[in-house]
$ cat final-v9.pdb   # PDB, C-alpha atoms and all ligand atoms
ATOM      1  CA  MET A   1     104.584 193.510 -20.400
ATOM      2  CA  GLY A   2     108.059 193.886 -21.964
ATOM      3  CA  PHE A   3     108.179 194.110 -25.757
ATOM      4  CA  ILE A   4     110.069 190.791 -26.057
ATOM      5  CA  GLN A   5     107.985 188.998 -23.407
ATOM      6  CA  HIS A   6     106.053 187.272 -26.193
ATOM      7  CA  LYS A   7     106.716 183.963 -27.911
ATOM      8  CA  LYS A   8     107.089 185.168 -31.504
ATOM      9  CA  GLU A   9     109.131 188.211 -30.488
ATOM     10  CA  ALA A  10     111.432 186.028 -28.361
ATOM     11  CA  TYR A  11     111.748 183.592 -31.267
ATOM     12  CA  TRP A  12     112.957 186.363 -33.598
ATOM     13  CA  PHE A  13     115.141 187.880 -30.878
ATOM     14  CA  TYR A  14     117.038 184.576 -30.662
ATOM     15  CA  ARG A  15     117.192 184.122 -34.475
ATOM     16  CA  VAL A  16     119.329 187.268 -34.428
ATOM     17  CA  LEU A  17     121.136 186.819 -31.097
ATOM     18  CA  SER A  18     121.952 183.109 -31.227
ATOM     19  CA  PRO A  19     125.219 183.335 -33.248
ATOM     20  CA  LEU A  20     126.555 185.843 -30.692
ATOM     21  CA  TYR A  21     125.085 184.281 -27.578
ATOM     22  CA  ASP A  22     127.767 181.916 -26.238
ATOM     23  CA  ARG A  23     130.810 184.016 -27.056
ATOM     24  CA  TRP A  24     129.745 187.653 -26.647
ATOM     25  CA  ILE A  25     126.492 187.979 -24.702
ATOM     26  CA  ASN A  26     126.068 185.218 -22.120
ATOM     27  CA  PRO A  27     129.492 185.582 -20.430
ATOM     28  CA  LEU A  28     128.622 189.191 -19.532
ATOM     29  CA  PHE A  29     125.564 188.248 -17.502
ATOM     30  CA  TRP A  30     125.617 184.560 -16.502
ATOM     31  CA  THR A  31     128.899 182.939 -15.487
ATOM     32  CA  PRO A  32     129.866 179.364 -14.476
ATOM     33  CA  ALA A  33     130.225 180.501 -10.827
ATOM     34  CA  MET A  34     126.699 181.983 -10.820
ATOM     35  CA  ARG A  35     125.372 178.813 -12.484
ATOM     36  CA  SER A  36     126.991 176.507  -9.888
ATOM     37  CA  ALA A  37     125.622 178.544  -6.990
ATOM     38  CA  ALA A  38     122.103 178.584  -8.454
ATOM     39  CA  LEU A  39     122.057 174.863  -9.355
ATOM     40  CA  GLU A  40     122.712 173.919  -5.715
ATOM     41  CA  LEU A  41     119.044 174.598  -4.986
ATOM     42  CA  ALA A  42     117.993 171.946  -7.531
ATOM     43  CA  ARG A  43     119.514 169.211  -5.336
ATOM     44  CA  LEU A  44     121.055 167.299  -8.232
ATOM     45  CA  ASP A  45     122.272 164.629  -5.822
ATOM     46  CA  ASP A  46     121.949 161.491  -7.939
ATOM     47  CA  ARG A  47     123.382 160.905 -11.428
ATOM     48  CA  GLY A  48     120.251 159.078 -12.518
ATOM     49  CA  LEU A  49     117.800 161.938 -11.869
ATOM     50  CA  ARG A  50     115.492 162.457 -14.864
ATOM     51  CA  THR A  51     116.006 166.172 -15.365
ATOM     52  CA  LEU A  52     114.298 168.683 -17.653
ATOM     53  CA  ASP A  53     116.021 171.961 -18.584
ATOM     54  CA  VAL A  54     113.395 174.406 -19.913
ATOM     55  CA  GLY A  55     114.454 177.346 -22.098
ATOM     56  CA  ALA A  56     117.772 175.503 -22.311
ATOM     57  CA  GLY A  57     118.978 177.644 -25.219
ATOM     58  CA  THR A  58     122.528 176.812 -26.307
ATOM     59  CA  GLY A  59     122.903 174.506 -23.301
ATOM     60  CA  PHE A  60     125.016 176.674 -21.008
ATOM     61  CA  SER A  61     123.070 175.686 -17.888
ATOM     62  CA  SER A  62     122.685 172.134 -19.197
ATOM     63  CA  GLU A  63     126.492 171.894 -19.193
ATOM     64  CA  GLY A  64     126.349 172.680 -15.470
ATOM     65  CA  ILE A  65     123.609 170.073 -14.956
ATOM     66  CA  VAL A  66     125.590 167.253 -16.642
ATOM     67  CA  GLU A  67     128.327 167.788 -14.064
ATOM     68  CA  HIS A  68     125.823 166.173 -11.627
ATOM     69  CA  VAL A  69     123.449 164.114 -13.792
ATOM     70  CA  GLU A  70     124.056 161.573 -16.587
ATOM     71  CA  PRO A  71     123.619 163.324 -19.963
ATOM     72  CA  ALA A  72     121.248 160.556 -21.087
ATOM     73  CA  ALA A  73     118.930 161.462 -18.165
ATOM     74  CA  LEU A  74     118.739 165.141 -19.220
ATOM     75  CA  THR A  75     116.170 166.632 -21.619
ATOM     76  CA  LEU A  76     116.683 170.116 -23.066
ATOM     77  CA  LEU A  77     113.596 172.003 -24.222
ATOM     78  CA  ASP A  78     113.531 175.335 -26.039
ATOM     79  CA  GLN A  79     111.217 177.076 -28.483
ATOM     80  CA  SER A  80     114.138 178.323 -30.604
ATOM     81  CA  PRO A  81     115.631 175.927 -33.183
ATOM     82  CA  ASP A  82     118.591 178.303 -33.560
ATOM     83  CA  GLN A  83     119.448 178.077 -29.868
ATOM     84  CA  LEU A  84     118.856 174.336 -29.567
ATOM     85  CA  GLY A  85     120.901 173.747 -32.744
ATOM     86  CA  ARG A  86     123.927 175.200 -30.950
ATOM     87  CA  ALA A  87     123.331 172.975 -27.909
ATOM     88  CA  ARG A  88     123.261 169.973 -30.273
ATOM     89  CA  ARG A  89     126.822 170.734 -31.373
ATOM     90  CA  LYS A  90     128.254 170.546 -27.825
ATOM     91  CA  PRO A  91     130.043 167.208 -27.250
ATOM     92  CA  ASP A  92     129.191 166.961 -23.535
ATOM     93  CA  LEU A  93     125.471 167.284 -24.391
ATOM     94  CA  ALA A  94     125.548 164.768 -27.265
ATOM     95  CA  ALA A  95     123.692 162.082 -25.276
ATOM     96  CA  CYS A  96     120.942 164.451 -24.058
ATOM     97  CA  ARG A  97     117.437 164.489 -25.501
ATOM     98  CA  MET A  98     116.592 167.799 -27.219
ATOM     99  CA  VAL A  99     113.001 168.863 -27.763
ATOM    100  CA  LEU A 100     111.535 171.915 -29.471
ATOM    101  CA  GLY A 101     108.611 173.142 -27.387
ATOM    102  CA  ASP A 102     106.915 175.748 -25.269
ATOM    103  CA  ALA A 103     107.564 176.254 -21.545
ATOM    104  CA  GLU A 104     103.861 177.009 -21.112
ATOM    105  CA  ARG A 105     102.716 173.762 -22.771
ATOM    106  CA  LEU A 106     105.316 171.084 -22.034
ATOM    107  CA  PRO A 107     105.044 168.044 -24.335
ATOM    108  CA  PHE A 108     105.535 165.550 -21.484
ATOM    109  CA  ASP A 109     103.283 163.415 -19.279
ATOM    110  CA  ALA A 110     102.444 164.376 -15.708
ATOM    111  CA  ASP A 111     104.807 163.094 -12.986
ATOM    112  CA  SER A 112     107.551 162.184 -15.470
ATOM    113  CA  PHE A 113     110.666 164.060 -14.225
ATOM    114  CA  ASP A 114     112.617 164.124 -10.945
ATOM    115  CA  ARG A 115     113.993 167.649 -11.494
ATOM    116  CA  TYR A 116     112.890 170.717 -13.459
ATOM    117  CA  VAL A 117     115.452 173.482 -14.089
ATOM    118  CA  SER A 118     114.971 176.731 -15.977
ATOM    119  CA  CYS A 119     117.641 179.445 -16.045
ATOM    120  CA  GLY A 120     117.185 182.842 -17.646
ATOM    121  CA  SER A 121     114.050 181.996 -19.593
ATOM    122  CA  ILE A 122     111.181 183.193 -17.363
ATOM    123  CA  GLU A 123     111.774 186.770 -18.517
ATOM    124  CA  TYR A 124     110.367 185.820 -21.973
ATOM    125  CA  TRP A 125     107.269 183.941 -20.796
ATOM    126  CA  PRO A 126     103.981 185.801 -21.367
ATOM    127  CA  GLU A 127     102.301 183.768 -18.583
ATOM    128  CA  PRO A 128     104.897 182.788 -15.962
ATOM    129  CA  GLN A 129     102.216 181.356 -13.672
ATOM    130  CA  ARG A 130     101.161 178.974 -16.422
ATOM    131  CA  ALA A 131     104.738 177.831 -17.088
ATOM    132  CA  ILE A 132     105.395 177.217 -13.383
ATOM    133  CA  ALA A 133     102.166 175.194 -13.162
ATOM    134  CA  GLU A 134     103.561 173.144 -16.064
ATOM    135  CA  ALA A 135     106.786 172.611 -14.097
ATOM    136  CA  TYR A 136     104.612 171.258 -11.279
ATOM    137  CA  ARG A 137     102.624 168.966 -13.588
ATOM    138  CA  VAL A 138     105.624 167.232 -15.178
ATOM    139  CA  LEU A 139     107.446 166.598 -11.880
ATOM    140  CA  ARG A 140     106.905 163.407  -9.901
ATOM    141  CA  PRO A 141     105.814 163.750  -6.248
ATOM    142  CA  GLY A 142     108.865 164.819  -4.235
ATOM    143  CA  GLY A 143     110.487 166.283  -7.386
ATOM    144  CA  VAL A 144     112.162 169.693  -7.239
ATOM    145  CA  ALA A 145     111.701 172.662  -9.578
ATOM    146  CA  LEU A 146     114.330 175.399  -9.832
ATOM    147  CA  VAL A 147     113.772 178.672 -11.680
ATOM    148  CA  VAL A 148     116.538 181.265 -12.029
ATOM    149  CA  GLY A 149     115.748 184.740 -13.291
ATOM    150  CA  PRO A 150     116.492 188.426 -12.947
ATOM    151  CA  LEU A 151     115.280 190.883 -10.323
ATOM    152  CA  PRO A 152     114.268 194.477 -11.157
ATOM    153  CA  PRO A 153     117.403 196.634 -11.599
ATOM    154  CA  GLY A 154     118.152 199.378  -9.072
ATOM    155  CA  GLY A 155     118.455 202.611 -11.076
ATOM    156  CA  ARG A 156     115.417 204.318 -12.555
ATOM    157  CA  LEU A 157     116.751 204.371 -16.156
ATOM    158  CA  ALA A 158     117.924 200.743 -16.017
ATOM    159  CA  ARG A 159     114.541 199.731 -14.645
ATOM    160  CA  ARG A 160     112.678 201.555 -17.439
ATOM    161  CA  LEU A 161     114.853 199.889 -20.092
ATOM    162  CA  ALA A 162     114.475 196.500 -18.426
ATOM    163  CA  GLU A 163     110.690 196.812 -18.316
ATOM    164  CA  ALA A 164     110.581 197.802 -21.993
ATOM    165  CA  TRP A 165     112.686 194.761 -22.839
ATOM    166  CA  MET A 166     111.141 191.859 -20.914
ATOM    167  CA  LEU A 167     109.992 190.595 -17.492
ATOM    168  CA  PHE A 168     112.034 191.370 -14.364
ATOM    169  CA  PRO A 169     109.877 189.914 -11.544
ATOM    170  CA  THR A 170     110.143 190.843  -7.881
ATOM    171  CA  GLU A 171     110.999 188.169  -5.305
ATOM    172  CA  ALA A 172     107.392 188.367  -4.074
ATOM    173  CA  GLN A 173     106.132 187.519  -7.581
ATOM    174  CA  TYR A 174     108.445 184.512  -7.916
ATOM    175  CA  ARG A 175     107.273 183.250  -4.529
ATOM    176  CA  GLU A 176     103.610 183.799  -5.351
ATOM    177  CA  TRP A 177     103.836 181.910  -8.649
ATOM    178  CA  PHE A 178     105.532 178.948  -6.952
ATOM    179  CA  ALA A 179     103.106 178.872  -4.025
ATOM    180  CA  ARG A 180     100.045 179.160  -6.297
ATOM    181  CA  ALA A 181     101.354 176.405  -8.561
ATOM    182  CA  GLY A 182     101.279 174.153  -5.473
ATOM    183  CA  PHE A 183     104.980 173.904  -4.576
ATOM    184  CA  HIS A 184     105.986 173.387  -0.939
ATOM    185  CA  SER A 185     109.259 173.959   0.960
ATOM    186  CA  LEU A 186     110.207 177.050  -1.066
ATOM    187  CA  GLU A 187     113.859 178.084  -0.912
ATOM    188  CA  THR A 188     115.510 181.101  -2.492
ATOM    189  CA  ALA A 189     119.082 182.288  -3.000
ATOM    190  CA  ASP A 190     120.402 185.506  -4.456
ATOM    191  CA  VAL A 191     122.359 185.151  -7.683
ATOM    192  CA  ALA A 192     125.075 187.779  -7.487
ATOM    193  CA  ALA A 193     126.657 189.278 -10.606
ATOM    194  CA  PRO A 194     130.493 189.476 -10.721
ATOM    195  CA  TRP A 195     130.333 193.254 -10.404
ATOM    196  CA  GLN A 196     127.873 193.349  -7.509
ATOM    197  CA  ARG A 197     129.033 195.226  -4.435
ATOM    198  CA  ASP A 198     127.795 194.970  -0.850
ATOM    199  CA  GLY A 199     124.609 196.981  -0.459
ATOM    200  CA  GLY A 200     124.138 197.293  -4.274
ATOM    201  CA  ALA A 201     120.926 196.339  -6.070
ATOM    202  CA  ARG A 202     120.217 192.597  -6.139
ATOM    203  CA  TYR A 203     120.782 191.021  -9.569
ATOM    204  CA  GLY A 204     119.017 187.674  -9.843
ATOM    205  CA  LEU A 205     117.113 185.084  -7.874
ATOM    206  CA  ALA A 206     117.115 181.300  -7.748
ATOM    207  CA  ILE A 207     113.900 179.809  -6.364
ATOM    208  CA  ALA A 208     113.165 176.141  -5.765
ATOM    209  CA  GLY A 209     110.155 174.219  -4.518
ATOM    210  CA  ARG A 210     109.110 170.606  -3.997
ATOM    211  CA  LYS A 211     106.006 168.968  -5.476
ATOM    212  CA  PRO A 212     104.055 167.436  -2.572
ATOM    213  CA  ALA A 213     101.686 165.061  -4.384
ATOM    214  CA  ALA A 214     101.045 163.481  -7.784
ATOM    215  CA  GLY A 215      98.976 165.142 -10.488
ATOM    216  CA  LEU A 216      98.190 168.584 -11.806
ATOM    217  CA  SER A 217      98.804 171.976 -10.257
ATOM    218  CA  PRO A 218      95.831 173.448  -8.380
ATOM    219  CA  THR A 219      95.973 176.594 -10.581
ATOM    220  CA  PRO A 220      93.213 176.842 -13.239
ATOM    221  CA  GLN A 221      94.115 174.862 -16.390
ATOM    222  CA  THR A 222      93.597 177.280 -19.281
ATOM    223  CA  PRO A 223      95.209 177.047 -22.747
ATOM    224  CA  PRO A 224      98.204 179.398 -23.251
ATOM    225  CA  ARG A 225      97.256 182.842 -24.590
ATOM    226  CA  GLU A 226     100.082 182.786 -27.163
ATOM    227  CA  ASP A 227     101.082 180.099 -29.633
ATOM    228  CA  LEU A 228     104.319 180.343 -31.597
ATOM    229  CA  ARG A 229     102.784 178.435 -34.527
ATOM    230  CA  GLU A 230      99.730 180.684 -34.862
ATOM    231  CA  PRO A 231      99.638 182.388 -38.308
ATOM    232  CA  LEU A 232     100.114 186.168 -38.284
ATOM    233  CA  THR A 233      97.610 188.728 -39.544
ATOM    234  CA  PRO A 234      99.193 191.789 -41.274
ATOM    235  CA  ARG A 235      98.295 193.896 -38.210
ATOM    236  CA  ARG A 236      99.926 191.430 -35.824
ATOM    237  CA  ARG A 237     103.003 191.275 -38.087
ATOM    238  CA  LEU A 238     103.414 195.062 -37.830
ATOM    239  CA  CYS A 239     102.912 194.899 -34.080
ATOM    240  CA  LEU A 240     105.522 192.115 -33.802
ATOM    241  CA  ALA A 241     108.056 194.073 -35.879
ATOM    242  CA  THR A 242     107.562 197.207 -33.748
ATOM    243  CA  ARG A 243     107.881 195.330 -30.469
ATOM    244  CA  PHE A 244     110.866 193.394 -31.785
ATOM    245  CA  VAL A 245     112.757 196.578 -32.750
ATOM    246  CA  LEU A 246     111.897 198.533 -29.571
ATOM    247  CA  GLY A 247     112.505 195.588 -27.239
ATOM    248  CA  SER A 248     115.784 194.651 -28.943
ATOM    249  CA  LEU A 249     117.033 198.248 -28.673
ATOM    250  CA  ALA A 250     116.181 198.312 -24.958
ATOM    251  CA  GLY A 251     117.926 194.944 -24.488
ATOM    252  CA  LEU A 252     120.943 196.004 -26.516
ATOM    253  CA  ALA A 253     121.478 198.950 -24.186
ATOM    254  CA  PHE A 254     122.420 196.433 -21.489
ATOM    255  CA  VAL A 255     125.375 195.116 -23.499
ATOM    256  CA  PRO A 256     127.644 198.189 -23.107
ATOM    257  CA  ILE A 257     126.453 198.471 -19.488
ATOM    258  CA  GLY A 258     127.435 194.816 -18.938
ATOM    259  CA  VAL A 259     130.819 195.316 -20.604
ATOM    260  CA  ALA A 260     131.560 198.417 -18.463
ATOM    261  CA  LEU A 261     130.490 196.710 -15.203
ATOM    262  CA  ASN A 262     132.550 193.588 -15.963
ATOM    263  CA  LEU A 263     135.632 195.655 -16.795
ATOM    264  CA  ARG A 264     135.223 197.632 -13.589
ATOM    265  CA  ALA A 265     134.903 194.401 -11.568
ATOM    266  CA  ARG A 266     137.996 192.963 -13.288
ATOM    267  CA  ARG A 267     140.040 196.117 -12.513
ATOM    268  CA  HIS A 268     138.839 196.006  -8.910
ATOM    269  CA  ARG A 269     139.866 192.318  -8.573
ATOM    270  CA  ARG A 270     143.327 193.069  -9.999
ATOM    271  CA  ARG A 271     143.880 195.864  -7.472
ATOM    272  CA  THR A 272     142.833 193.763  -4.454
TER     273      THR A 272
HETATM  274  C1  LIG A 301     118.701 183.778 -21.958
HETATM  275  S1  LIG A 301     118.408 182.259 -22.811
HETATM  276  C2  LIG A 301     118.846 181.131 -21.526
HETATM  277  C3  LIG A 301     119.455 179.891 -22.075
HETATM  278  C4  LIG A 301     120.015 178.909 -21.058
HETATM  279  N1  LIG A 301     119.023 178.447 -20.100
HETATM  280  C5  LIG A 301     121.220 179.445 -20.337
HETATM  281  O1  LIG A 301     121.285 179.289 -19.119
HETATM  282  O2  LIG A 301     122.121 180.005 -20.987
HETATM  283  C6  LIG A 301     116.610 182.160 -22.812
HETATM  284  C7  LIG A 301     116.064 180.991 -23.623
HETATM  285  O3  LIG A 301     114.668 180.843 -23.332
HETATM  286  C8  LIG A 301     114.040 180.416 -24.535
HETATM  287  N2  LIG A 301     112.575 180.673 -24.432
HETATM  288  C9  LIG A 301     111.956 181.861 -24.361
HETATM  289  N3  LIG A 301     110.625 181.682 -24.265
HETATM  290  C10 LIG A 301     110.398 180.342 -24.280
HETATM  291  C11 LIG A 301     109.233 179.529 -24.221
HETATM  292  N4  LIG A 301     108.000 180.061 -24.113
HETATM  293  N5  LIG A 301     109.385 178.198 -24.260
HETATM  294  C12 LIG A 301     110.626 177.630 -24.380
HETATM  295  N6  LIG A 301     111.756 178.345 -24.454
HETATM  296  C13 LIG A 301     111.658 179.695 -24.392
HETATM  297  C14 LIG A 301     114.725 181.232 -25.613
HETATM  298  O4  LIG A 301     114.528 180.680 -26.895
HETATM  299  C15 LIG A 301     116.174 181.204 -25.145
HETATM  300  O5  LIG A 301     116.906 180.152 -25.712
END

$ encode --input "final-v9.pdb" --output "structure tokens"
Amino acid sequence: MGFIQHKKEAYWFYRVLSPLYDRWINPLFWTPAMRSAALELARLDDRGLRTLDVGAGTGFSSEGIVEHVEPAALTLLDQSPDQLGRARRKPDLAACRMVLGDAERLPFDADSFDRYVSCGSIEYWPEPQRAIAEAYRVLRPGGVALVVGPLPPGGRLARRLAEAWMLFPTEAQYREWFARAGFHSLETADVAAPWQRDGGARYGLAIAGRKPAAGLSPTPQTPPREDLREPLTPRRRLCLATRFVLGSLAGLAFVPIGVALNLRARRHRRRT
């Protein structure tokens, strides 16, 4: 497991990153064009759809969702008050409901949403299967879940850094988690980065599935292994600090890589 693929570590990661997120970090890796392409799989085809955005962060993907759905029908959920606080300040999200909570233990009744969307959050979930079973539980029969996340990078060094940082699942893993959770009619689409060239390593994946019947997911219902509110023992505090530092350093290495790749893509676009 990646060093930041834990709830407390991810919480601290975003305490530090949140002030920089919208302006300096997110635009390097997740653009409006990528968001629009990915959201197509969620079939947001009615403005009244009760939609849940999980790991909504500062609301970047939510801003894409409210282009299709009434803001009052959208709920944003995130475990980070720093991230959600920034979403609260965005005028186009003012009418949305915002809830602090855990993707692996959603504070909502079964069968209560028409759409579930989660972009760029799965990489922090200690038990992705559990979170996807939760997506299944809260959707009504016929509802659609969309998860967008990264794929393992191509180069050996990038892959090592990525694995030290957080979770980069394979397409087969995404598919298995969806199928096991009980979703039918699975659909996937590649999410291409602005710098991606033909034949280069794939960057991200959008996967969607439909809930066939009411009720809970057929996966075993166990309590989550991690709880953000659990008090820390001194040993666990040391472990958290070590993981936080190592994981953040591995993650930080992707920032200059992202800057360089974006600049190269921009130069290439100017020339053509
Ligand atoms: C990369 S940001 C993505 C934000 C947003 N979806 C977007 O498209 O910009 C990942 C978000 O997932 C949240 N997150 C991580 N683990 C979570 C969990 N277990 N439950 C809820 N949110 C979580 C983080 O706090 C962070 O805001």

$ residues_near_ligand --input "final-v9.pdb" --ligand "ligand LIG 301 (chain A)" --cutoff "9 Å" --atoms "only C-alpha atoms and all ligand atoms" --output "ChimeraX atom specification"
/A:5-8,10-15,18,21-22,26,30,35,53-62,77-84,100-106,117-127,131,148,226-228

$ closest_residue --input "final-v9.pdb" --among "A:Asp92, A:Glu187, A:Glu70, A:Glu230" --to "Val147 in chain A" --atoms "all atoms listed in the file"
A:Glu187

$ closest_residue --input "final-v9.pdb" --among "A:Gly48, A:Leu41, A:Ala265, A:Ala162" --to "Ser248 in chain A" --atoms "only C-alpha atoms"
A:Ala162

$ atom_distance --input "final-v9.pdb" --atom1 "CA of Pro19 in chain A" --atom2 "CA of Phe244 in chain A"
17.6 Å

$ atom_distance --input "final-v9.pdb" --atom1 "CA of Trp165 in chain A" --atom2 "CA of Ala206 in chain A"
20.7 Å

$ resolve_selection --input "final-v9.pdb" --expression "the PyMOL selection byres (((chain A and resi 114) around 10) and not hetatm)" --output "list in words"
Leu44, Gly48, Leu49, Arg50, Thr51, Leu52, Ala73, Asp111, Ser112, Phe113, Arg115, Tyr116, Val138, Leu139, Arg140, Pro141, Gly142, Gly143, Val144, Ala145 and Lys211 of chain A

$ axis_aligned_box --input "final-v9.pdb" --around "range 123-135 of chain A" --padding-each-side "4 Å" --output "lines of an AutoDock Vina configuration file"
center_x = 106.5
center_y = 179.7
center_z = -17.6
size_x = 18.6
size_y = 22.2
size_z = 16.8

$ atom_distance --input "final-v9.pdb" --atom1 "CA of His184 in chain A" --atom2 "CA of Ile132 in chain A"
13.0 Å

$ residues_around --input "final-v9.pdb" --residues "Gly200 in chain A" --least-positions-apart "5" --cutoff "10 Å" --atoms "only C-alpha atoms" --output "list in words"
Pro153, Gly154 and Trp195 of chain A

$ resolve_selection --input "final-v9.pdb" --expression "the PyMOL selection byres (((chain A and resi 218) around 8) and not hetatm)" --output "list of chain:residue names"
A:Arg180, A:Ala181, A:Gly182, A:Leu216, A:Ser217, A:Thr219, A:Pro220

$ write_last_selection --input "final-v9.pdb" --atoms "C-alpha atoms" --output "tab-separated table (two decimals), in the coordinates of the input"
chain	number	residue	atom	x	y	z
A	180	ARG	CA	100.04	179.16	-6.30
A	181	ALA	CA	101.35	176.40	-8.56
A	182	GLY	CA	101.28	174.15	-5.47
A	216	LEU	CA	98.19	168.58	-11.81
A	217	SER	CA	98.80	171.98	-10.26
A	219	THR	CA	95.97	176.59	-10.58
A	220	PRO	CA	93.21	176.84	-13.24

$ residues_near_point --input "final-v9.pdb" --point "(118.6, 191.0, -12.1)" --cutoff "6 Å" --atoms "only C-alpha atoms" --output "ChimeraX atom specification"
/A:150-153,203-204

$ closest_residue --input "final-v9.pdb" --among "A:Ala214, A:Arg97, A:Leu205, A:Leu232" --to "Ala193 in chain A" --atoms "all atoms listed in the file"
A:Leu205

$ closest_residue --input "final-v9.pdb" --among "A:Asn262, A:Gln196, A:Thr272, A:Thr242" --to "Glu9 in chain A" --atoms "only C-alpha atoms"
A:Thr242

$ closest_residue --input "final-v9.pdb" --among "A:Arg267, A:Arg47, A:Arg159, A:Arg175" --to "Ala201 in chain A" --atoms "all atoms listed in the file"
A:Arg159
